[in-house]
$ cat input-v6.tsv   # TSV, C-alpha atoms
chain	number	residue	atom	x	y	z
A	1	MET	CA	122.87	103.33	103.99
A	2	LYS	CA	120.29	103.01	106.71
A	3	SER	CA	119.29	99.55	107.74
A	4	VAL	CA	116.33	98.34	105.77
A	5	ILE	CA	114.15	95.30	106.16
A	6	THR	CA	114.82	92.18	104.22
A	7	ALA	CA	113.24	92.62	100.83
A	8	LEU	CA	113.67	91.83	97.20
A	9	PHE	CA	115.41	94.24	94.88
A	10	LEU	CA	114.32	93.46	91.38
A	11	LEU	CA	115.68	94.39	87.99
A	12	SER	CA	114.03	93.49	84.74
A	13	MET	CA	116.41	91.26	82.83
A	14	VAL	CA	115.64	93.26	79.70
A	15	SER	CA	116.75	96.45	81.39
A	16	LEU	CA	119.83	94.71	82.79
A	17	VAL	CA	120.96	93.58	79.36
A	18	GLN	CA	120.34	97.01	77.87
A	19	ALA	CA	121.88	98.99	80.76
A	20	ASP	CA	124.66	100.31	78.52
A	21	GLU	CA	122.15	101.53	75.95
A	22	VAL	CA	119.78	103.49	78.17
A	23	LYS	CA	120.22	106.83	79.86
A	24	LYS	CA	117.53	106.53	82.50
A	25	LEU	CA	116.02	103.84	84.70
A	26	VAL	CA	112.86	104.08	86.78
A	27	PHE	CA	113.06	102.88	90.39
A	28	ALA	CA	109.96	102.12	92.44
A	29	PRO	CA	110.07	101.43	96.20
A	30	LEU	CA	107.05	99.97	97.97
A	31	PRO	CA	104.86	102.66	99.56
A	32	THR	CA	105.57	101.57	103.13
A	33	GLN	CA	106.44	105.02	104.49
A	34	SER	CA	106.27	108.68	103.46
A	35	LYS	CA	108.05	109.74	100.27
A	36	GLU	CA	110.57	111.71	102.32
A	37	ALA	CA	111.49	108.68	104.44
A	38	VAL	CA	111.78	106.43	101.39
A	39	VAL	CA	114.03	108.88	99.53
A	40	GLU	CA	116.27	109.25	102.57
A	41	MET	CA	116.54	105.47	102.85
A	42	PHE	CA	117.40	104.79	99.24
A	43	THR	CA	119.43	107.84	98.15
A	44	PRO	CA	122.83	106.20	98.82
A	45	LEU	CA	121.86	103.13	96.81
A	46	VAL	CA	120.38	105.13	93.95
A	47	ARG	CA	123.50	107.26	93.69
A	48	TYR	CA	125.69	104.17	93.70
A	49	LEU	CA	123.70	102.58	90.87
A	50	GLU	CA	123.75	105.77	88.81
A	51	LYS	CA	127.52	105.87	89.03
A	52	ALA	CA	128.00	102.13	88.41
A	53	LEU	CA	125.56	101.91	85.48
A	54	HIS	CA	126.25	105.38	84.02
A	55	VAL	CA	122.55	106.22	83.97
A	56	SER	CA	120.19	108.55	85.78
A	57	ILE	CA	117.57	106.98	88.03
A	58	GLU	CA	114.24	108.57	88.81
A	59	TYR	CA	111.80	107.55	91.54
A	60	ARG	CA	108.27	106.44	90.74
A	61	PHE	CA	105.91	106.53	93.70
A	62	SER	CA	102.63	104.64	93.87
A	63	SER	CA	99.65	105.08	96.16
A	64	SER	CA	99.24	101.33	96.67
A	65	TYR	CA	101.03	98.04	96.14
A	66	ALA	CA	98.55	97.09	93.40
A	67	GLN	CA	99.20	100.31	91.48
A	68	MET	CA	102.94	99.73	91.67
A	69	LEU	CA	102.65	96.15	90.40
A	70	GLU	CA	100.41	97.30	87.56
A	71	SER	CA	103.10	99.77	86.50
A	72	MET	CA	105.71	97.02	86.65
A	73	GLU	CA	103.56	94.72	84.55
A	74	ALA	CA	103.08	97.50	82.01
A	75	GLY	CA	106.84	97.95	81.70
A	76	ALA	CA	106.91	101.42	83.27
A	77	ILE	CA	109.29	100.37	86.07
A	78	ASP	CA	112.80	98.95	85.67
A	79	ILE	CA	113.92	98.45	89.26
A	80	ALA	CA	111.74	97.76	92.28
A	81	TYR	CA	112.08	97.20	96.01
A	82	LEU	CA	109.59	94.52	97.08
A	83	GLY	CA	108.71	92.22	99.94
A	84	PRO	CA	107.98	88.50	99.50
A	85	LEU	CA	104.22	88.67	98.84
A	86	PRO	CA	104.31	91.43	96.19
A	87	TYR	CA	107.25	89.69	94.52
A	88	LEU	CA	105.31	86.45	94.13
A	89	GLU	CA	102.41	88.45	92.69
A	90	ILE	CA	104.46	90.22	90.01
A	91	HIS	CA	106.60	87.19	89.19
A	92	ALA	CA	103.47	85.18	88.43
A	93	LYS	CA	102.45	87.83	85.90
A	94	ARG	CA	105.82	88.81	84.48
A	95	ALA	CA	108.62	86.33	85.07
A	96	SER	CA	111.26	88.65	83.58
A	97	PHE	CA	111.41	90.43	86.94
A	98	THR	CA	114.08	88.53	88.81
A	99	PRO	CA	115.55	89.09	92.32
A	100	ILE	CA	119.19	90.14	92.17
A	101	VAL	CA	119.81	91.44	95.71
A	102	PHE	CA	118.41	90.38	99.09
A	103	PHE	CA	118.74	93.07	101.74
A	104	ASN	CA	119.64	92.18	105.32
A	105	GLU	CA	118.28	93.63	108.52
A	106	ALA	CA	120.51	95.29	111.08
A	107	SER	CA	120.98	91.77	112.48
A	108	LYS	CA	122.73	90.93	109.16
A	109	LYS	CA	120.21	88.17	108.57
A	110	PRO	CA	118.10	87.96	105.37
A	111	PHE	CA	114.68	87.91	106.98
A	112	TYR	CA	112.34	90.04	109.06
A	113	THR	CA	109.26	89.60	111.19
A	114	CYS	CA	105.78	91.08	111.11
A	115	THR	CA	104.16	92.18	114.35
A	116	LEU	CA	100.74	92.77	115.81
A	117	VAL	CA	100.90	95.96	117.87
A	118	SER	CA	98.65	97.63	120.42
A	119	LEU	CA	98.78	100.18	123.20
A	120	ASP	CA	98.21	97.34	125.68
A	121	ALA	CA	100.50	94.33	125.19
A	122	SER	CA	99.05	92.66	128.29
A	123	LYS	CA	95.98	91.67	126.30
A	124	ARG	CA	96.43	88.16	124.89
A	125	LEU	CA	95.37	87.19	121.40
A	126	SER	CA	92.91	84.71	122.86
A	127	GLU	CA	91.21	87.61	124.68
A	128	ILE	CA	90.43	89.57	121.50
A	129	THR	CA	86.73	90.37	121.19
A	130	PRO	CA	84.60	90.88	118.04
A	131	ASN	CA	84.61	94.61	118.80
A	132	ASP	CA	88.39	94.97	118.60
A	133	ARG	CA	89.34	96.92	115.47
A	134	PHE	CA	92.38	96.13	113.33
A	135	ALA	CA	94.40	98.54	111.21
A	136	LEU	CA	96.12	96.81	108.29
A	137	THR	CA	98.63	98.01	105.74
A	138	ASP	CA	98.02	97.08	102.09
A	139	PRO	CA	96.13	93.99	100.83
A	140	LEU	CA	99.36	92.85	99.11
A	141	SER	CA	101.60	93.64	102.08
A	142	THR	CA	103.30	90.65	103.69
A	143	CYS	CA	102.72	92.21	107.11
A	144	GLY	CA	99.09	93.03	106.34
A	145	TYR	CA	96.17	90.62	106.21
A	146	PHE	CA	98.42	87.65	105.45
A	147	SER	CA	100.51	87.87	108.64
A	148	VAL	CA	97.78	89.10	110.98
A	149	GLU	CA	95.48	86.30	109.89
A	150	ARG	CA	98.22	83.73	110.59
A	151	LEU	CA	98.76	85.15	114.08
A	152	LEU	CA	95.05	85.13	114.88
A	153	GLY	CA	94.64	81.66	113.41
A	154	GLY	CA	97.12	80.38	115.97
A	155	VAL	CA	94.57	81.04	118.73
A	156	GLY	CA	91.50	79.99	116.76
A	157	LYS	CA	90.47	83.48	115.66
A	158	SER	CA	90.19	85.18	112.26
A	159	LEU	CA	90.02	88.63	110.70
A	160	ALA	CA	86.83	87.41	109.06
A	161	HIS	CA	85.18	88.01	112.44
A	162	GLN	CA	86.91	91.32	113.22
A	163	PRO	CA	86.36	94.86	111.90
A	164	PHE	CA	89.46	95.87	109.94
A	165	THR	CA	90.53	98.71	107.67
A	166	TYR	CA	93.35	98.97	105.14
A	167	ILE	CA	95.32	102.08	106.07
A	168	GLY	CA	98.19	101.75	103.58
A	169	LYS	CA	101.65	102.68	104.82
A	170	HIS	CA	103.15	100.98	107.88
A	171	ASP	CA	103.89	104.26	109.66
A	172	LEU	CA	100.27	105.37	109.24
A	173	VAL	CA	99.03	102.10	110.75
A	174	ALA	CA	101.27	102.67	113.76
A	175	LEU	CA	99.96	106.21	114.22
A	176	GLU	CA	96.32	105.14	113.91
A	177	VAL	CA	96.79	102.64	116.74
A	178	ILE	CA	98.64	105.22	118.85
A	179	LYS	CA	95.77	107.69	118.34
A	180	GLY	CA	93.35	105.08	119.66
A	181	HIS	CA	91.41	104.71	116.41
A	182	PHE	CA	92.17	100.97	116.37
A	183	GLU	CA	92.93	98.44	119.09
A	184	PHE	CA	95.48	96.52	116.97
A	185	GLY	CA	97.64	97.02	113.92
A	186	GLY	CA	99.80	94.82	111.74
A	187	ILE	CA	103.19	96.28	110.75
A	188	LYS	CA	106.87	95.43	110.28
A	189	ASN	CA	108.89	94.71	113.39
A	190	ASP	CA	111.32	97.58	112.87
A	191	MET	CA	108.43	100.02	112.46
A	192	ALA	CA	106.97	98.83	115.75
A	193	HIS	CA	110.26	99.62	117.48
A	194	ASN	CA	110.39	103.05	115.81
A	195	TYR	CA	107.13	104.01	117.54
A	196	ALA	CA	107.71	102.30	120.88
A	197	HIS	CA	108.51	105.66	122.49
A	198	LEU	CA	104.91	106.71	121.82
A	199	GLY	CA	103.50	103.75	123.72
A	200	LEU	CA	103.21	101.22	120.90
A	201	GLU	CA	103.75	97.68	122.17
A	202	ILE	CA	104.24	94.35	120.42
A	203	VAL	CA	101.50	91.83	121.21
A	204	ALA	CA	102.72	89.02	118.93
A	205	GLN	CA	105.06	88.49	116.02
A	206	THR	CA	105.41	86.04	113.17
A	207	GLU	CA	108.13	83.58	112.48
A	208	PRO	CA	110.96	85.07	110.37
A	209	VAL	CA	109.82	85.89	106.84
A	210	PRO	CA	112.41	84.99	104.16
$ encode --input "input-v6.tsv" --output "structure tokens"
Amino acid sequence: MKSVITALFLLSMVSLVQADEVKKLVFAPLPTQSKEAVVEMFTPLVRYLEKALHVSIEYRFSSSYAQMLESMEAGAIDIAYLGPLPYLEIHAKRASFTPIVFFNEASKKPFYTCTLVSLDASKRLSEITPNDRFALTDPLSTCGYFSVERLLGGVGKSLAHQPFTYIGKHDLVALEVIKGHFEFGGIKNDMAHNYAHLGLEIVAQTEPVP
């Protein structure tokens, strides 16, 4: 299986107990990349679970983190792949969703970092002007507003004083910055490296996120 970022793999305890009684489970990955990329990433795991649990597993894709969490809360999703921030959100609403597997990065460590990227890494955070535009992922994304605001706060700045737009998926944020539509973007560290060959550079990164 391809290396994936540290995240939380959740299984409703109700579904876990009834695994022998059901024929199908619904799996929902966070909408961080295109459907094709997500399916390629998770196909080995999905096939393994189908064989181990003797069930069929179907994907459920959402257009946003909020939509996905709403489906989980409504009981329409059995298994989910989440990051720290979305997990805290759903656990506060439905405690039956419990983490059962923590994925490691390629470094074999159970954490990842969020990065602020640009086409010009020579520009320091302290040099950001009110006209600099920021591309963010999803409001509930750990590497979105939450992480970017922490990075800016370290130099006495805030997104409250910057124009920003929620783009959605991490790969789309990267491409928007590369196209020059935004001066900065907040994405996962591994996604930043995936687009480095197109000129994307890391300006700053967070401490490891558990």
$ closest_atom_pairs --input "input-v6.tsv" --of "range 44-85 of chain A" --to "range 93-103 of chain A" --cutoff "12 Å" --atoms "all atoms listed in the file" --output "Markdown table"
| residue | atom | partner | partner_atom | distance |
| --- | --- | --- | --- | --- |
| A:Leu45 | CA | A:Phe103 | CA | 11.6 |
| A:Leu69 | CA | A:Lys93 | CA | 9.5 |
| A:Glu70 | CA | A:Lys93 | CA | 9.8 |
| A:Ser71 | CA | A:Arg94 | CA | 11.5 |
| A:Met72 | CA | A:Arg94 | CA | 8.5 |
| A:Glu73 | CA | A:Arg94 | CA | 6.3 |
| A:Ala74 | CA | A:Arg94 | CA | 9.4 |
| A:Gly75 | CA | A:Arg94 | CA | 9.6 |
| A:Ile77 | CA | A:Phe97 | CA | 10.2 |
| A:Asp78 | CA | A:Phe97 | CA | 8.7 |
| A:Ile79 | CA | A:Phe97 | CA | 8.7 |
| A:Ala80 | CA | A:Phe97 | CA | 9.1 |
| A:Tyr81 | CA | A:Pro99 | CA | 9.6 |
| A:Leu82 | CA | A:Pro99 | CA | 9.4 |
| A:Gly83 | CA | A:Phe102 | CA | 9.9 |
| A:Pro84 | CA | A:Pro99 | CA | 10.5 |
$ write_last_selection --input "input-v6.tsv" --atoms "C-alpha atoms" --output "short mmCIF file (atom, residue, chain, number, x, y, z; two decimals), in the frame of the given file"
data_model
loop_
_atom_site.label_atom_id
_atom_site.label_comp_id
_atom_site.auth_asym_id
_atom_site.auth_seq_id
_atom_site.Cartn_x
_atom_site.Cartn_y
_atom_site.Cartn_z
CA LEU A 45 121.86 103.13 96.81
CA LEU A 69 102.65 96.15 90.40
CA GLU A 70 100.41 97.30 87.56
CA SER A 71 103.10 99.77 86.50
CA MET A 72 105.71 97.02 86.65
CA GLU A 73 103.56 94.72 84.55
CA ALA A 74 103.08 97.50 82.01
CA GLY A 75 106.84 97.95 81.70
CA ILE A 77 109.29 100.37 86.07
CA ASP A 78 112.80 98.95 85.67
CA ILE A 79 113.92 98.45 89.26
CA ALA A 80 111.74 97.76 92.28
CA TYR A 81 112.08 97.20 96.01
CA LEU A 82 109.59 94.52 97.08
CA GLY A 83 108.71 92.22 99.94
CA PRO A 84 107.98 88.50 99.50
#
$ atom_distance --input "input-v6.tsv" --atom1 "CA of Leu140 in chain A" --atom2 "CA of Asp120 in chain A"
27.0 Å
$ closest_residue --input "input-v6.tsv" --among "A:Leu125, A:Val38, A:Ala192, A:Leu119" --to "Phe61 in chain A" --atoms "only C-alpha atoms"
A:Val38
$ residues_around --input "input-v6.tsv" --residues "range 178-187 of chain A" --least-positions-apart "2" --cutoff "6 Å" --atoms "all atoms listed in the file" --output "VMD selection string"
chain A and resid 114 to 118 132 to 136 143 to 144 170 175 to 176
$ closest_residue --input "input-v6.tsv" --among "A:Glu149, A:Glu127, A:Asp138, A:Glu105" --to "Asp190 in chain A" --atoms "only C-alpha atoms"
A:Glu105
$ residues_around --input "input-v6.tsv" --residues "Arg124 in chain A" --least-positions-apart "3" --cutoff "9 Å" --atoms "only C-alpha atoms" --output "list in words"
Ala121, Glu127, Ile128, Val203 and Ala204 of chain A
$ atom_distance --input "input-v6.tsv" --atom1 "CA of Leu152 in chain A" --atom2 "CA of Thr165 in chain A"
16.0 Å
$ closest_residue --input "input-v6.tsv" --among "A:Lys188, A:His161, A:Lys108, A:His193" --to "Gln205 in chain A" --atoms "all atoms listed in the file"
A:Lys188
$ atom_distance --input "input-v6.tsv" --atom1 "CA of Glu36 in chain A" --atom2 "CA of Pro210 in chain A"
26.8 Å
$ closest_residue --input "input-v6.tsv" --among "A:Gln33, A:Gln67, A:Thr142, A:Thr137" --to "Asp171 in chain A" --atoms "only C-alpha atoms"
A:Gln33
$ residues_around --input "input-v6.tsv" --residues "Val39 in chain A" --least-positions-apart "6" --cutoff "10 Å" --atoms "all atoms listed in the file" --output "list in words"
Pro29, Gln33, Val46 and Tyr59 of chain A
$ closest_residue --input "input-v6.tsv" --among "A:Asn104, A:Glu201, A:Ser126, A:Ala66" --to "Gly154 in chain A" --atoms "only C-alpha atoms"
A:Ser126
$ build_atoms --input "input-v6.tsv" --residues "range 49-67 of chain A" --atoms "N, CA and C atoms" --output "mmCIF file, in the coordinates of the input"
data_model
loop_
_atom_site.group_PDB
_atom_site.id
_atom_site.type_symbol
_atom_site.label_atom_id
_atom_site.label_comp_id
_atom_site.auth_asym_id
_atom_site.auth_seq_id
_atom_site.Cartn_x
_atom_site.Cartn_y
_atom_site.Cartn_z
ATOM 1 N N LEU A 49 124.107 103.205 92.128
ATOM 2 C CA LEU A 49 123.700 102.580 90.870
ATOM 3 C C LEU A 49 123.867 103.527 89.693
ATOM 4 N N GLU A 50 123.575 104.798 89.895
ATOM 5 C CA GLU A 50 123.750 105.770 88.810
ATOM 6 C C GLU A 50 125.207 105.840 88.375
ATOM 7 N N LYS A 51 126.096 105.805 89.344
ATOM 8 C CA LYS A 51 127.520 105.870 89.030
ATOM 9 C C LYS A 51 128.000 104.571 88.396
ATOM 10 N N ALA A 52 127.540 103.428 88.917
ATOM 11 C CA ALA A 52 128.000 102.130 88.410
ATOM 12 C C ALA A 52 127.447 101.824 87.023
ATOM 13 N N LEU A 53 126.200 102.229 86.756
ATOM 14 C CA LEU A 53 125.560 101.910 85.480
ATOM 15 C C LEU A 53 125.639 103.040 84.463
ATOM 16 N N HIS A 54 126.134 104.208 84.906
ATOM 17 C CA HIS A 54 126.250 105.380 84.020
ATOM 18 C C HIS A 54 124.888 105.793 83.465
ATOM 19 N N VAL A 55 123.902 105.809 84.348
ATOM 20 C CA VAL A 55 122.550 106.220 83.970
ATOM 21 C C VAL A 55 121.999 107.133 85.061
ATOM 22 N N SER A 56 120.906 107.808 84.756
ATOM 23 C CA SER A 56 120.190 108.550 85.780
ATOM 24 C C SER A 56 119.013 107.687 86.221
ATOM 25 N N ILE A 57 118.668 107.776 87.485
ATOM 26 C CA ILE A 57 117.570 106.980 88.030
ATOM 27 C C ILE A 57 116.551 107.923 88.643
ATOM 28 N N GLU A 58 115.308 107.758 88.239
ATOM 29 C CA GLU A 58 114.240 108.570 88.810
ATOM 30 C C GLU A 58 113.296 107.692 89.626
ATOM 31 N N TYR A 59 112.744 108.276 90.699
ATOM 32 C CA TYR A 59 111.800 107.550 91.540
ATOM 33 C C TYR A 59 110.414 107.559 90.898
ATOM 34 N N ARG A 60 109.689 106.486 91.117
ATOM 35 C CA ARG A 60 108.270 106.440 90.740
ATOM 36 C C ARG A 60 107.505 105.974 91.967
ATOM 37 N N PHE A 61 106.658 106.845 92.496
ATOM 38 C CA PHE A 61 105.910 106.530 93.700
ATOM 39 C C PHE A 61 104.490 106.101 93.341
ATOM 40 N N SER A 62 103.980 105.141 94.085
ATOM 41 C CA SER A 62 102.630 104.640 93.870
ATOM 42 C C SER A 62 101.825 104.821 95.149
ATOM 43 N N SER A 63 100.513 104.905 94.995
ATOM 44 C CA SER A 63 99.650 105.080 96.160
ATOM 45 C C SER A 63 99.305 103.753 96.822
ATOM 46 N N SER A 64 99.538 102.646 96.110
ATOM 47 C CA SER A 64 99.240 101.330 96.670
ATOM 48 C C SER A 64 100.161 100.290 96.048
ATOM 49 N N TYR A 65 100.228 99.120 96.681
ATOM 50 C CA TYR A 65 101.030 98.040 96.140
ATOM 51 C C TYR A 65 100.491 97.615 94.767
ATOM 52 N N ALA A 66 99.173 97.537 94.652
ATOM 53 C CA ALA A 66 98.550 97.090 93.400
ATOM 54 C C ALA A 66 98.900 98.036 92.258
ATOM 55 N N GLN A 67 98.863 99.337 92.517
ATOM 56 C CA GLN A 67 99.200 100.310 91.480
ATOM 57 C C GLN A 67 100.647 100.156 91.036
#
